[in-house]
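Engineer: One file: data-v5.tsv (TSV, C-alpha atoms (C1' of nucleotides)).
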chain	number	residue	atom	x	y	z
A	67	MET	CA	70.80	118.61	86.22
A	68	ASP	CA	73.15	120.89	88.09
A	69	GLU	CA	75.84	118.94	89.82
A	70	THR	CA	77.50	121.53	92.02
A	71	ALA	CA	78.08	120.85	95.67
A	72	PRO	CA	75.82	122.51	98.26
A	73	PRO	CA	77.07	126.00	99.31
A	74	THR	CA	76.05	125.16	102.85
A	75	LEU	CA	78.85	122.61	102.76
A	76	THR	CA	81.42	124.42	100.66
A	77	ALA	CA	81.20	127.34	103.07
A	78	LEU	CA	82.60	124.99	105.70
A	79	THR	CA	86.36	124.67	105.51
A	80	THR	CA	85.95	121.49	107.49
A	81	TYR	CA	83.96	120.02	104.64
A	82	LEU	CA	86.39	121.16	101.96
A	83	LEU	CA	89.30	119.78	103.94
A	84	SER	CA	87.52	116.51	104.38
A	85	ARG	CA	86.54	116.25	100.73
A	86	VAL	CA	89.73	117.51	99.10
A	87	GLY	CA	91.80	115.61	101.63
A	88	LYS	CA	89.95	112.46	100.81
A	89	THR	CA	90.63	112.69	97.10
A	90	ALA	CA	94.24	113.69	97.78
A	91	ARG	CA	94.62	110.64	99.95
A	92	GLY	CA	92.78	108.48	97.47
A	93	ARG	CA	94.85	109.50	94.47
A	94	LEU	CA	98.11	109.12	96.30
A	95	ALA	CA	97.02	105.76	97.64
A	96	ASP	CA	96.10	104.64	94.14
A	97	ARG	CA	99.49	105.66	92.89
A	98	LEU	CA	101.27	103.80	95.64
A	99	ALA	CA	99.01	100.81	95.13
A	100	GLY	CA	100.48	100.60	91.65
A	101	ARG	CA	103.71	99.72	93.40
A	102	GLY	CA	102.01	97.45	95.88
A	103	LEU	CA	102.38	99.97	98.69
A	104	ARG	CA	100.15	101.92	101.01
A	105	LEU	CA	100.53	105.35	102.57
A	106	TRP	CA	102.14	104.07	105.72
A	107	HIS	CA	104.96	102.53	103.75
A	108	MET	CA	105.89	105.92	102.41
A	109	ALA	CA	105.48	107.56	105.81
A	110	VAL	CA	107.80	105.06	107.43
A	111	LEU	CA	110.45	105.47	104.74
A	112	ALA	CA	110.20	109.26	105.08
A	113	ALA	CA	110.55	109.15	108.84
A	114	LEU	CA	113.65	107.00	108.58
A	115	ALA	CA	115.14	109.24	105.90
A	116	ASP	CA	114.50	112.45	107.82
A	117	PHE	CA	115.36	111.37	111.34
A	118	GLY	CA	117.62	108.39	110.93
A	119	PRO	CA	117.19	104.97	112.51
A	120	HIS	CA	114.33	104.41	114.93
A	121	ALA	CA	113.33	101.74	117.34
A	122	GLN	CA	109.97	100.45	116.21
A	123	ARG	CA	108.16	101.89	119.17
A	124	ASP	CA	109.55	105.32	118.30
A	125	LEU	CA	108.37	104.96	114.73
A	126	ALA	CA	104.95	104.13	116.06
A	127	ALA	CA	104.96	107.15	118.36
A	128	ARG	CA	106.16	109.56	115.71
A	129	LEU	CA	103.69	108.48	113.08
A	130	ALA	CA	100.84	107.91	115.52
A	131	ILE	CA	100.38	104.40	114.21
A	132	HIS	CA	99.66	101.30	116.21
A	133	ALA	CA	102.78	99.36	117.15
A	134	SER	CA	101.40	96.13	115.75
A	135	ASP	CA	100.81	97.80	112.41
A	136	VAL	CA	104.38	99.05	112.28
A	137	VAL	CA	105.48	95.44	112.31
A	138	LYS	CA	103.38	94.59	109.29
A	139	VAL	CA	104.54	97.61	107.32
A	140	LEU	CA	108.16	96.85	108.10
A	141	ASP	CA	107.69	93.24	107.10
A	142	GLU	CA	106.66	94.42	103.67
A	143	LEU	CA	109.39	97.04	103.41
A	144	ALA	CA	111.94	94.40	104.29
A	145	VAL	CA	111.05	92.19	101.33
A	146	PRO	CA	112.66	94.47	98.71
A	147	ASN	CA	115.36	95.31	101.27
A	148	TRP	CA	114.37	98.93	101.74
A	149	VAL	CA	114.79	98.75	105.48
A	150	GLU	CA	117.12	96.89	107.74
A	151	ARG	CA	116.20	95.58	111.18
A	152	VAL	CA	118.98	95.19	113.68
A	153	ARG	CA	118.55	94.25	117.30
A	154	ASP	CA	119.77	97.06	119.54
A	155	PRO	CA	122.81	95.73	121.46
A	156	THR	CA	122.23	98.09	124.38
A	157	ASP	CA	118.65	96.91	124.82
A	158	ARG	CA	118.02	93.67	123.09
A	159	ARG	CA	114.27	94.10	123.25
A	160	ARG	CA	114.45	97.02	120.86
A	161	ILE	CA	114.96	96.67	117.14
A	162	GLN	CA	116.69	99.49	115.35
A	163	VAL	CA	115.24	100.08	111.94
A	164	SER	CA	117.25	101.91	109.34
A	165	LEU	CA	116.85	102.88	105.70
A	166	THR	CA	118.98	101.10	103.13
A	167	ALA	CA	120.38	102.74	100.03
A	168	ALA	CA	117.72	100.97	97.98
A	169	GLY	CA	115.12	102.34	100.37
A	170	ARG	CA	116.35	105.85	99.82
A	171	ILE	CA	116.04	105.46	96.08
A	172	ALA	CA	112.58	103.99	96.44
A	173	LEU	CA	111.48	106.90	98.61
A	174	ALA	CA	112.67	109.35	95.97
A	175	GLU	CA	110.47	107.61	93.42
A	176	LEU	CA	107.50	107.73	95.73
A	177	GLU	CA	108.08	111.43	96.25
A	178	ALA	CA	108.07	111.92	92.50
A	179	ASP	CA	104.76	110.07	92.34
A	180	ALA	CA	103.37	112.28	95.05
A	181	ARG	CA	104.45	115.43	93.26
A	182	GLU	CA	102.75	114.33	90.09
A	183	VAL	CA	99.54	113.69	91.96
A	184	GLN	CA	99.92	117.04	93.66
A	185	ASP	CA	100.51	118.97	90.45
A	186	ARG	CA	97.32	117.62	88.99
A	187	LEU	CA	95.33	118.20	92.17
A	188	LEU	CA	96.51	121.77	92.69
A	189	GLU	CA	96.38	122.65	89.01
A	190	PRO	CA	93.98	125.60	89.49
A	191	LEU	CA	96.38	127.31	91.89
A	192	SER	CA	99.39	129.43	91.01
A	193	ALA	CA	102.79	128.60	92.43
A	194	SER	CA	102.56	131.26	95.11
A	195	GLU	CA	99.04	130.17	96.02
A	196	ARG	CA	100.23	126.61	96.43
A	197	SER	CA	102.92	127.84	98.72
A	198	VAL	CA	100.40	129.77	100.81
A	199	LEU	CA	98.17	126.73	101.00
A	200	ASN	CA	101.05	124.62	102.17
A	201	GLN	CA	102.00	127.14	104.84
A	202	LEU	CA	98.49	127.39	106.21
A	203	LEU	CA	98.00	123.65	106.26
A	204	LEU	CA	101.35	123.22	107.90
A	205	ARG	CA	100.40	125.56	110.73
A	206	VAL	CA	97.16	123.69	111.25
A	207	HIS	CA	98.97	120.38	111.06
A	208	GLU	CA	101.57	121.32	113.64
A	209	GLN	CA	99.08	121.83	116.42
A	210	LEU	CA	97.26	118.57	115.84
A	211	PRO	CA	97.39	116.43	118.97
A	212	ASP	CA	98.41	113.32	117.00
B	189	MET	CA	112.05	111.36	121.63
B	190	ASP	CA	111.17	113.95	119.03
B	191	GLU	CA	107.71	113.43	117.69
B	192	THR	CA	107.55	115.78	114.77
B	193	ALA	CA	106.36	114.59	111.41
B	194	PRO	CA	108.93	113.99	108.65
B	195	PRO	CA	109.66	117.14	106.61
B	196	THR	CA	109.74	114.98	103.52
B	197	LEU	CA	106.03	114.50	104.09
B	198	THR	CA	105.07	117.92	105.39
B	199	ALA	CA	106.65	119.45	102.31
B	200	LEU	CA	103.98	117.66	100.32
B	201	THR	CA	100.70	119.51	100.27
B	202	THR	CA	99.12	116.23	99.27
B	203	TYR	CA	100.21	114.76	102.56
B	204	LEU	CA	99.04	117.70	104.63
B	205	LEU	CA	95.70	117.67	102.88
B	206	SER	CA	95.37	113.99	103.47
B	207	ARG	CA	96.33	114.22	107.12
B	208	VAL	CA	94.50	117.39	108.09
B	209	GLY	CA	91.53	116.35	106.00
B	210	LYS	CA	91.40	113.05	107.80
B	211	THR	CA	91.27	114.61	111.24
B	212	ALA	CA	88.75	117.19	110.01
B	213	ARG	CA	86.60	114.38	108.74
B	214	GLY	CA	87.14	112.34	111.85
B	215	ARG	CA	86.22	115.08	114.26
B	216	LEU	CA	83.16	116.07	112.34
B	217	ALA	CA	82.13	112.46	112.05
B	218	ASP	CA	82.54	112.01	115.79
B	219	ARG	CA	80.38	115.02	116.43
B	220	LEU	CA	77.67	113.75	114.13
B	221	ALA	CA	77.95	110.29	115.61
B	222	GLY	CA	76.87	111.86	118.88
B	223	ARG	CA	73.56	112.46	117.15
B	224	GLY	CA	73.53	109.06	115.52
B	225	LEU	CA	74.40	110.50	112.14
B	226	ARG	CA	77.14	110.19	109.57
B	227	LEU	CA	78.58	112.68	107.13
B	228	TRP	CA	76.27	111.71	104.31
B	229	HIS	CA	73.25	112.57	106.37
B	230	MET	CA	74.43	116.14	106.66
B	231	ALA	CA	75.41	116.28	103.01
B	232	VAL	CA	71.98	115.14	101.91
B	233	LEU	CA	70.21	117.64	104.16
B	234	ALA	CA	72.45	120.41	102.84
B	235	ALA	CA	71.82	119.48	99.23
B	236	LEU	CA	68.07	119.55	99.79
B	237	ALA	CA	68.28	122.86	101.64
B	238	ASP	CA	70.41	124.53	98.99
B	239	PHE	CA	68.83	123.20	95.83
B	240	GLY	CA	65.34	122.16	96.82
B	241	PRO	CA	63.70	118.77	96.25
B	242	HIS	CA	65.60	116.13	94.34
B	243	ALA	CA	64.77	112.82	92.82
B	244	GLN	CA	66.95	110.25	94.57
B	245	ARG	CA	69.02	109.59	91.49
B	246	ASP	CA	69.82	113.30	91.28
B	247	LEU	CA	70.88	113.36	94.89
B	248	ALA	CA	73.17	110.46	94.15
B	249	ALA	CA	74.64	112.23	91.14
B	250	ARG	CA	75.15	115.53	92.93
B	251	LEU	CA	76.84	114.06	95.94
B	252	ALA	CA	78.70	111.38	94.02
B	253	ILE	CA	77.28	108.71	96.24
B	254	HIS	CA	76.06	105.29	95.24
B	255	ALA	CA	72.32	105.17	94.56
B	256	SER	CA	71.80	102.24	96.86
B	257	ASP	CA	73.44	104.15	99.69
B	258	VAL	CA	71.17	107.14	99.17
B	259	VAL	CA	68.27	104.87	100.01
B	260	LYS	CA	69.78	103.89	103.32
B	261	VAL	CA	70.63	107.46	104.30
B	262	LEU	CA	67.14	108.61	103.44
B	263	ASP	CA	65.64	105.76	105.39
B	264	GLU	CA	67.40	107.07	108.47
B	265	LEU	CA	66.60	110.71	107.78
B	266	ALA	CA	62.94	109.77	107.43
B	267	VAL	CA	62.71	108.33	110.93
B	268	PRO	CA	62.83	111.73	112.71
B	269	ASN	CA	60.84	113.18	109.79
B	270	TRP	CA	63.60	115.38	108.46
B	271	VAL	CA	62.88	114.46	104.86
B	272	GLU	CA	59.72	113.64	103.01
B	273	ARG	CA	59.53	111.18	100.15
B	274	VAL	CA	56.78	111.74	97.61
B	275	ARG	CA	56.33	109.78	94.43
B	276	ASP	CA	56.69	112.05	91.41
B	277	PRO	CA	53.26	112.11	89.67
B	278	THR	CA	54.80	112.87	86.25
B	279	ASP	CA	57.10	109.87	86.47
B	280	ARG	CA	55.96	107.45	89.07
B	281	ARG	CA	59.29	105.67	89.12
B	282	ARG	CA	60.94	108.72	90.62
B	283	ILE	CA	60.63	109.75	94.25
B	284	GLN	CA	60.90	113.43	95.04
B	285	VAL	CA	62.72	114.02	98.29
B	286	SER	CA	62.25	117.28	100.12
B	287	LEU	CA	63.39	118.81	103.37
B	288	THR	CA	60.85	119.27	106.15
B	289	ALA	CA	60.82	122.18	108.57
B	290	ALA	CA	62.23	119.88	111.23
B	291	GLY	CA	64.96	118.88	108.79
B	292	ARG	CA	65.89	122.49	108.25
B	293	ILE	CA	66.22	123.02	111.98
B	294	ALA	CA	68.28	119.86	112.34
B	295	LEU	CA	70.61	120.99	109.58
B	296	ALA	CA	71.18	124.32	111.35
B	297	GLU	CA	72.25	122.41	114.45
B	298	LEU	CA	74.62	120.27	112.44
B	299	GLU	CA	76.12	123.38	110.90
B	300	ALA	CA	76.69	124.78	114.39
B	301	ASP	CA	78.44	121.55	115.30
B	302	ALA	CA	80.60	121.80	112.22
B	303	ARG	CA	81.57	125.38	113.02
B	304	GLU	CA	82.63	124.42	116.51
B	305	VAL	CA	84.82	121.66	115.14
B	306	GLN	CA	86.19	124.07	112.59
B	307	ASP	CA	87.01	126.78	115.11
B	308	ARG	CA	89.04	124.36	117.12
B	309	LEU	CA	90.76	122.88	114.10
B	310	LEU	CA	91.70	126.21	112.54
B	311	GLU	CA	92.60	127.81	115.85
B	312	PRO	CA	96.17	128.72	114.81
B	313	LEU	CA	94.91	130.73	111.85
B	314	SER	CA	93.65	134.30	111.87
B	315	ALA	CA	90.23	135.13	110.46
B	316	SER	CA	91.67	136.38	107.19
B	317	GLU	CA	93.92	133.36	106.90
B	318	ARG	CA	90.95	131.08	107.37
B	319	SER	CA	89.19	132.91	104.62
B	320	VAL	CA	92.18	132.51	102.30
B	321	LEU	CA	92.36	128.82	103.12
B	322	ASN	CA	88.70	128.38	102.32
B	323	GLN	CA	89.08	130.20	99.00
B	324	LEU	CA	92.02	128.12	97.92
B	325	LEU	CA	90.38	124.87	98.90
B	326	LEU	CA	87.22	125.92	97.15
B	327	ARG	CA	89.06	126.50	93.90
B	328	VAL	CA	90.68	123.11	94.18
B	329	HIS	CA	87.40	121.52	95.09
B	330	GLU	CA	85.52	122.99	92.14
B	331	GLN	CA	87.64	121.30	89.54
B	332	LEU	CA	87.43	117.87	91.11
B	333	PRO	CA	85.89	115.37	88.68
B	334	ASP	CA	83.51	114.01	91.32
C	79	DG	C1'	51.68	95.34	73.12
C	80	DT	C1'	55.98	93.66	73.93
C	81	DA	C1'	60.82	94.57	74.91
C	82	DA	C1'	64.33	97.23	76.76
C	83	DT	C1'	65.40	100.78	80.11
C	84	DT	C1'	65.11	103.45	84.31
C	85	DC	C1'	64.35	104.16	89.36
C	86	DG	C1'	64.24	102.80	93.84
C	87	DT	C1'	65.07	99.00	97.09
C	88	DG	C1'	67.25	95.17	99.77
C	89	DG	C1'	70.84	92.35	100.84
C	90	DG	C1'	75.27	91.24	100.56
C	91	DT	C1'	80.52	91.51	99.45
C	92	DG	C1'	85.24	93.36	99.79
C	93	DC	C1'	88.54	96.39	101.48
C	94	DA	C1'	91.32	99.31	104.38
C	95	DG	C1'	92.16	101.39	108.79
C	96	DA	C1'	92.59	101.16	113.56
C	97	DC	C1'	92.54	98.61	117.37
C	98	DC	C1'	93.03	94.51	120.84
C	99	DA	C1'	94.61	90.28	123.36
C	100	DA	C1'	97.98	86.92	124.03
C	101	DT	C1'	102.73	85.54	123.75
C	102	DC	C1'	107.79	85.59	124.14
C	103	DA	C1'	112.17	87.67	125.05
C	104	DT	C1'	114.42	91.08	127.60
C	105	DT	C1'	115.17	94.46	131.00
C	106	DG	C1'	115.18	97.24	135.48
C	107	DG	C1'	113.87	97.62	140.24
C	108	DT	C1'	114.18	95.87	144.81
D	15	DA	C1'	116.71	85.97	142.42
D	16	DC	C1'	112.26	87.51	141.42
D	17	DC	C1'	108.57	90.41	139.63
D	18	DA	C1'	106.69	94.06	137.06
D	19	DA	C1'	107.16	96.57	132.92
D	20	DT	C1'	108.67	97.05	128.08
D	21	DG	C1'	109.29	95.88	123.03
D	22	DA	C1'	108.18	93.12	119.16
D	23	DT	C1'	105.22	89.94	117.06
D	24	DT	C1'	101.13	87.19	115.71
D	25	DG	C1'	96.61	86.68	114.64
D	26	DG	C1'	92.75	88.08	115.14
D	27	DT	C1'	88.21	91.80	115.50
D	28	DC	C1'	85.45	95.75	114.41
D	29	DT	C1'	84.05	99.62	111.87
D	30	DG	C1'	83.00	102.48	108.01
D	31	DC	C1'	82.86	102.98	103.27
D	32	DA	C1'	82.08	101.94	98.59
D	33	DC	C1'	80.49	98.97	95.59
D	34	DC	C1'	77.75	95.14	93.22
D	35	DC	C1'	73.77	92.00	92.04
D	36	DA	C1'	69.02	90.91	91.70
D	37	DC	C1'	64.41	92.31	92.00
D	38	DG	C1'	59.79	94.78	91.26
D	39	DA	C1'	57.37	98.78	89.63
D	40	DA	C1'	57.01	102.08	86.10
D	41	DT	C1'	58.23	104.16	81.81
D	42	DT	C1'	59.84	104.65	77.00
D	43	DA	C1'	61.04	102.74	72.46
D	44	DC	C1'	59.70	100.24	68.62
Could you quickly redo this structure as structure tokens?
Structural biologist:
Amino acid sequence: MDETAPPTLTALTTYLLSRVGKTARGRLADRLAGRGLRLWHMAVLAALADFGPHAQRDLAARLAIHASDVVKVLDELAVPNWVERVRDPTDRRRIQVSLTAAGRIALAELEADAREVQDRLLEPLSASERSVLNQLLLRVHEQLPD
Amino acid sequence: MDETAPPTLTALTTYLLSRVGKTARGRLADRLAGRGLRLWHMAVLAALADFGPHAQRDLAARLAIHASDVVKVLDELAVPNWVERVRDPTDRRRIQVSLTAAGRIALAELEADAREVQDRLLEPLSASERSVLNQLLLRVHEQLPD
DNA sequence: GTAATTCGTGGGTGCAGACCAATCATTGGT
DNA sequence: ACCAATGATTGGTCTGCACCCACGAATTAC
């Protein structure tokens, strides 16, 4: 039996985004799971690497993640000492979170994982096509309310 | 505070796919939820519209959905009489599922919903860019194992 | 004709994501 | 000095999704 997807659906970019995005997410998540991590762990490390130390509430705002979930992610990132939590002296309610050297190394490994996943996923596309795809997605991404 | 996403992540097409795909999925799902439906309902209707009647096992194979879940989706699609289940006379274990006229109309409405969601999501892209995006995603989609 | 297999069905489990309510320490306004 | 608001934390809930097991009816293999 023919196992192609319905053209009615593949004509919808929404559907393709949903479907391809889901497998992208799934494969990356699987890869991270091999290290006992989830996607948010990588996102948090990346945010700290790119923008420097954050108060937890700012991390939550930037990543559009619930504040209470930030706590749990940070708890797990603190175990291997990838992040450091220091109480902000100017406002002792806040906790400044920063990336450690070990965290930076770990992030680099996760990026390598992600690139492997990506190379396999985008195999049918040429280098320039991949670049176009990234550009288009980036433009769409930038105007997302989240 | 700056609320942009980390470049380390946005440089990864995998991430963008995952993120944009998730909101695409979410928005479409919300829209369908307004009609009491989920994504699989639309997928099943589309498969029947595009490829004609299926035995349930073939629907499951085509859409890469678990057989036991097909049953539940069909149960719900049968309530408003959008699908018809007829026992296959040549193999009375099989049940041939076909789309009714009402089902075809319903699917058209769902497609309209999807296009609205899509227009808002892809707003920053020109018509030709949207077409390029669809082409690229389609190529990626076609080689997915599922 | 009996055994093994297939198809649909029902009920139930497990997981991950997002969210919520309550609590405690700290701060800023007045 | 007091009160309202904020930040972090804990320990839950709720939802959707995918999957699994066991069963009955029907078919195919031997």
Engineer: Do you know which residues lie at most 8 Å from (114.8, 97.9, 111.8), with coordinates as in the file and only C-alpha atoms (C1' of nucleotides) counted, and could you write them as a list of chain:residue names?
Structural biologist: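 Output of the proximity query reads A:Pro119, A:His120, A:Ala121, A:Gln122, A:Leu140, A:Val149, A:Glu150, A:Arg151, A:Val152, A:Arg153, A:Ile161, A:Gln162, A:Val163, A:Ser164.
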Engineer: Grab the residues selected above and save them as a compact mmCIF listing (two decimals), keeping the file's coordinate frame with C-alpha atoms.
Structural biologist:
# COMPACT_ATOMS: atom_id res chain seq x y z
CA PRO A 119 117.19 104.97 112.51
CA HIS A 120 114.33 104.41 114.93
CA ALA A 121 113.33 101.74 117.34
CA GLN A 122 109.97 100.45 116.21
CA LEU A 140 108.16 96.85 108.10
CA VAL A 149 114.79 98.75 105.48
CA GLU A 150 117.12 96.89 107.74
CA ARG A 151 116.20 95.58 111.18
CA VAL A 152 118.98 95.19 113.68
CA ARG A 153 118.55 94.25 117.30
CA ILE A 161 114.96 96.67 117.14
CA GLN A 162 116.69 99.49 115.35
CA VAL A 163 115.24 100.08 111.94
CA SER A 164 117.25 101.91 109.34
Engineer: Hand me chain B as it sits after a least-squares fit onto chain A over every Cα, paired in order, written as a compact mmCIF listing (two decimals) with C-alpha atoms, in the frame of the given file.
Structural biologist:
# COMPACT_ATOMS: atom_id res chain seq x y z
CA MET B 189 70.68 118.66 86.32
CA ASP B 190 73.04 120.94 88.19
CA GLU B 191 75.76 118.99 89.89
CA THR B 192 77.42 121.55 92.08
CA ALA B 193 78.04 120.86 95.72
CA PRO B 194 75.80 122.53 98.32
CA PRO B 195 77.08 125.98 99.37
CA THR B 196 76.09 125.14 102.91
CA LEU B 197 78.88 122.58 102.79
CA THR B 198 81.44 124.42 100.70
CA ALA B 199 81.21 127.32 103.12
CA LEU B 200 82.63 124.98 105.72
CA THR B 201 86.38 124.67 105.53
CA THR B 202 85.99 121.47 107.50
CA TYR B 203 84.00 120.01 104.65
CA LEU B 204 86.41 121.15 101.97
CA LEU B 205 89.32 119.77 103.92
CA SER B 206 87.54 116.52 104.38
CA ARG B 207 86.56 116.24 100.73
CA VAL B 208 89.74 117.50 99.10
CA GLY B 209 91.82 115.61 101.62
CA LYS B 210 89.98 112.44 100.79
CA THR B 211 90.65 112.68 97.08
CA ALA B 212 94.26 113.68 97.77
CA ARG B 213 94.63 110.62 99.91
CA GLY B 214 92.80 108.46 97.44
CA ARG B 215 94.86 109.49 94.46
CA LEU B 216 98.12 109.12 96.28
CA ALA B 217 97.03 105.77 97.61
CA ASP B 218 96.13 104.63 94.11
CA ARG B 219 99.52 105.67 92.86
CA LEU B 220 101.28 103.80 95.63
CA ALA B 221 99.03 100.81 95.12
CA GLY B 222 100.52 100.59 91.64
CA ARG B 223 103.75 99.72 93.40
CA GLY B 224 102.06 97.44 95.89
CA LEU B 225 102.40 99.97 98.67
CA ARG B 226 100.16 101.91 101.00
CA LEU B 227 100.52 105.32 102.56
CA TRP B 228 102.16 104.05 105.71
CA HIS B 229 104.97 102.53 103.74
CA MET B 230 105.91 105.93 102.41
CA ALA B 231 105.47 107.56 105.80
CA VAL B 232 107.80 105.07 107.43
CA LEU B 233 110.46 105.49 104.74
CA ALA B 234 110.21 109.26 105.08
CA ALA B 235 110.53 109.15 108.85
CA LEU B 236 113.65 107.01 108.59
CA ALA B 237 115.12 109.25 105.91
CA ASP B 238 114.48 112.45 107.83
CA PHE B 239 115.34 111.38 111.35
CA GLY B 240 117.60 108.38 110.96
CA PRO B 241 117.16 104.95 112.55
CA HIS B 242 114.30 104.41 114.94
CA ALA B 243 113.31 101.73 117.36
CA GLN B 244 109.95 100.42 116.20
CA ARG B 245 108.12 101.85 119.17
CA ASP B 246 109.49 105.29 118.30
CA LEU B 247 108.34 104.94 114.74
CA ALA B 248 104.91 104.09 116.05
CA ALA B 249 104.90 107.11 118.34
CA ARG B 250 106.13 109.52 115.69
CA LEU B 251 103.66 108.47 113.06
CA ALA B 252 100.81 107.88 115.48
CA ILE B 253 100.35 104.39 114.18
CA HIS B 254 99.59 101.28 116.16
CA ALA B 255 102.70 99.32 117.15
CA SER B 256 101.34 96.09 115.77
CA ASP B 257 100.78 97.75 112.41
CA VAL B 258 104.35 99.02 112.28
CA VAL B 259 105.46 95.41 112.32
CA LYS B 260 103.38 94.57 109.29
CA VAL B 261 104.54 97.60 107.32
CA LEU B 262 108.15 96.84 108.11
CA ASP B 263 107.68 93.23 107.13
CA GLU B 264 106.67 94.41 103.68
CA LEU B 265 109.38 97.04 103.42
CA ALA B 266 111.95 94.39 104.31
CA VAL B 267 111.06 92.19 101.35
CA PRO B 268 112.67 94.47 98.72
CA ASN B 269 115.37 95.32 101.29
CA TRP B 270 114.38 98.93 101.75
CA VAL B 271 114.78 98.77 105.51
CA GLU B 272 117.12 96.89 107.76
CA ARG B 273 116.17 95.60 111.18
CA VAL B 274 118.99 95.23 113.69
CA ARG B 275 118.56 94.28 117.31
CA ASP B 276 119.75 97.09 119.56
CA PRO B 277 122.79 95.73 121.49
CA THR B 278 122.20 98.09 124.45
CA ASP B 279 118.63 96.91 124.86
CA ARG B 280 118.04 93.67 123.11
CA ARG B 281 114.29 94.06 123.27
CA ARG B 282 114.45 96.98 120.88
CA ILE B 283 114.97 96.65 117.14
CA GLN B 284 116.69 99.51 115.37
CA VAL B 285 115.22 100.10 111.95
CA SER B 286 117.24 101.94 109.35
CA LEU B 287 116.85 102.90 105.73
CA THR B 288 118.98 101.14 103.14
CA ALA B 289 120.39 102.78 100.04
CA ALA B 290 117.74 101.01 97.99
CA GLY B 291 115.12 102.36 100.38
CA ARG B 292 116.36 105.88 99.85
CA ILE B 293 116.06 105.48 96.11
CA ALA B 294 112.59 104.00 96.45
CA LEU B 295 111.50 106.91 98.61
CA ALA B 296 112.69 109.39 95.96
CA GLU B 297 110.50 107.63 93.42
CA LEU B 298 107.52 107.76 95.73
CA GLU B 299 108.09 111.46 96.25
CA ALA B 300 108.09 111.95 92.48
CA ASP B 301 104.79 110.09 92.34
CA ALA B 302 103.39 112.30 95.05
CA ARG B 303 104.46 115.46 93.24
CA GLU B 304 102.76 114.34 90.07
CA VAL B 305 99.55 113.71 91.95
CA GLN B 306 99.93 117.05 93.64
CA ASP B 307 100.52 118.98 90.43
CA ARG B 308 97.33 117.62 88.99
CA LEU B 309 95.35 118.20 92.15
CA LEU B 310 96.51 121.77 92.67
CA GLU B 311 96.35 122.65 88.99
CA PRO B 312 93.96 125.60 89.46
CA LEU B 313 96.36 127.30 91.86
CA SER B 314 99.35 129.44 90.98
CA ALA B 315 102.78 128.61 92.38
CA SER B 316 102.53 131.26 95.07
CA GLU B 317 99.03 130.17 95.98
CA ARG B 318 100.22 126.62 96.38
CA SER B 319 102.92 127.85 98.67
CA VAL B 320 100.40 129.78 100.76
CA LEU B 321 98.17 126.73 100.96
CA ASN B 322 101.05 124.60 102.13
CA GLN B 323 102.00 127.14 104.80
CA LEU B 324 98.51 127.39 106.16
CA LEU B 325 98.02 123.65 106.23
CA LEU B 326 101.38 123.23 107.88
CA ARG B 327 100.43 125.57 110.69
CA VAL B 328 97.21 123.69 111.21
CA HIS B 329 99.00 120.39 111.03
CA GLU B 330 101.61 121.32 113.61
CA GLN B 331 99.14 121.83 116.39
CA LEU B 332 97.31 118.58 115.83
CA PRO B 333 97.44 116.40 118.96
CA ASP B 334 98.46 113.32 116.98
Engineer: Between D:DC17, D:DA40, D:DC31, D:DA22, which residue has the minimum interatomic distance to chain B, considering only C-alpha atoms (C1' of nucleotides)?
Structural biologist: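 So, comparing all the options, the nearest one is D:DA40.
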Engineer: How many Å separate CA of Met230 in chain B from CA of Glu311 in chain B?
Structural biologist: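 These atoms are spaced 23.5 Å apart.
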Engineer: Which is closer to chain A than all the others in B:Ala266, B:Ala235, B:Val258, B:Ala221, using all atoms listed in the file?
Structural biologist: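 Checking each candidate against chain A, we get B:Ala235 as the closest.
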Engineer: Rounded to one decimal in Å, what is the spacing between CA of Asp301 in chain B and CA of Gln209 in chain A?
Structural biologist: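 One can read the CA of Asp301 in chain B to CA of Gln209 in chain A distance as 20.7 Å.
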Engineer: Against chain D, which residues of chain A fall within 8 Å? For each one I want the closest pair of atoms and the distance in Å (one decimal), counting all atoms listed in the file, rows by chain and increasing residue number, as a Markdown table.
Structural biologist:
| residue | atom | partner | partner_atom | distance |
| --- | --- | --- | --- | --- |
| A:Arg123 | CA | D:DG21 | C1' | 7.2 |
| A:Ser134 | CA | D:DT23 | C1' | 7.4 |
| A:Val137 | CA | D:DT23 | C1' | 7.3 |
| A:Arg159 | CA | D:DG21 | C1' | 5.3 |
| A:Arg160 | CA | D:DG21 | C1' | 5.7 |
| A:Ile161 | CA | D:DA22 | C1' | 7.9 |
Engineer: What lies within 10 Å of range 319-330 of chain B using all atoms listed in the file, ignoring chain neighbours under 2 positions off, as a VMD selection string?
Structural biologist: (chain A and resid 70 to 71 76 to 83 85 to 87 89 187 to 191 195 to 196 198 to 203) or (chain B and resid 205 310 313 to 317 332 to 334)
Engineer: Please find the residues of chain A near chain C - the criterion being any atom within 12 Å, counting all atoms listed in the file - and write them as a PyMOL selection string.
Structural biologist: chain A and resi 92+95+104-106+130-135+153-161
Engineer: Please, could you write that set of residues out with C-alpha atoms as a compact mmCIF listing (two decimals), in the coordinates of the input?
Structural biologist:
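Output file part-v1.txt is given in full below:
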# COMPACT_ATOMS: atom_id res chain seq x y z
CA GLY A 92 92.78 108.48 97.47
CA ALA A 95 97.02 105.76 97.64
CA ARG A 104 100.15 101.92 101.01
CA LEU A 105 100.53 105.35 102.57
CA TRP A 106 102.14 104.07 105.72
CA ALA A 130 100.84 107.91 115.52
CA ILE A 131 100.38 104.40 114.21
CA HIS A 132 99.66 101.30 116.21
CA ALA A 133 102.78 99.36 117.15
CA SER A 134 101.40 96.13 115.75
CA ASP A 135 100.81 97.80 112.41
CA ARG A 153 118.55 94.25 117.30
CA ASP A 154 119.77 97.06 119.54
CA PRO A 155 122.81 95.73 121.46
CA THR A 156 122.23 98.09 124.38
CA ASP A 157 118.65 96.91 124.82
CA ARG A 158 118.02 93.67 123.09
CA ARG A 159 114.27 94.10 123.25
CA ARG A 160 114.45 97.02 120.86
CA ILE A 161 114.96 96.67 117.14
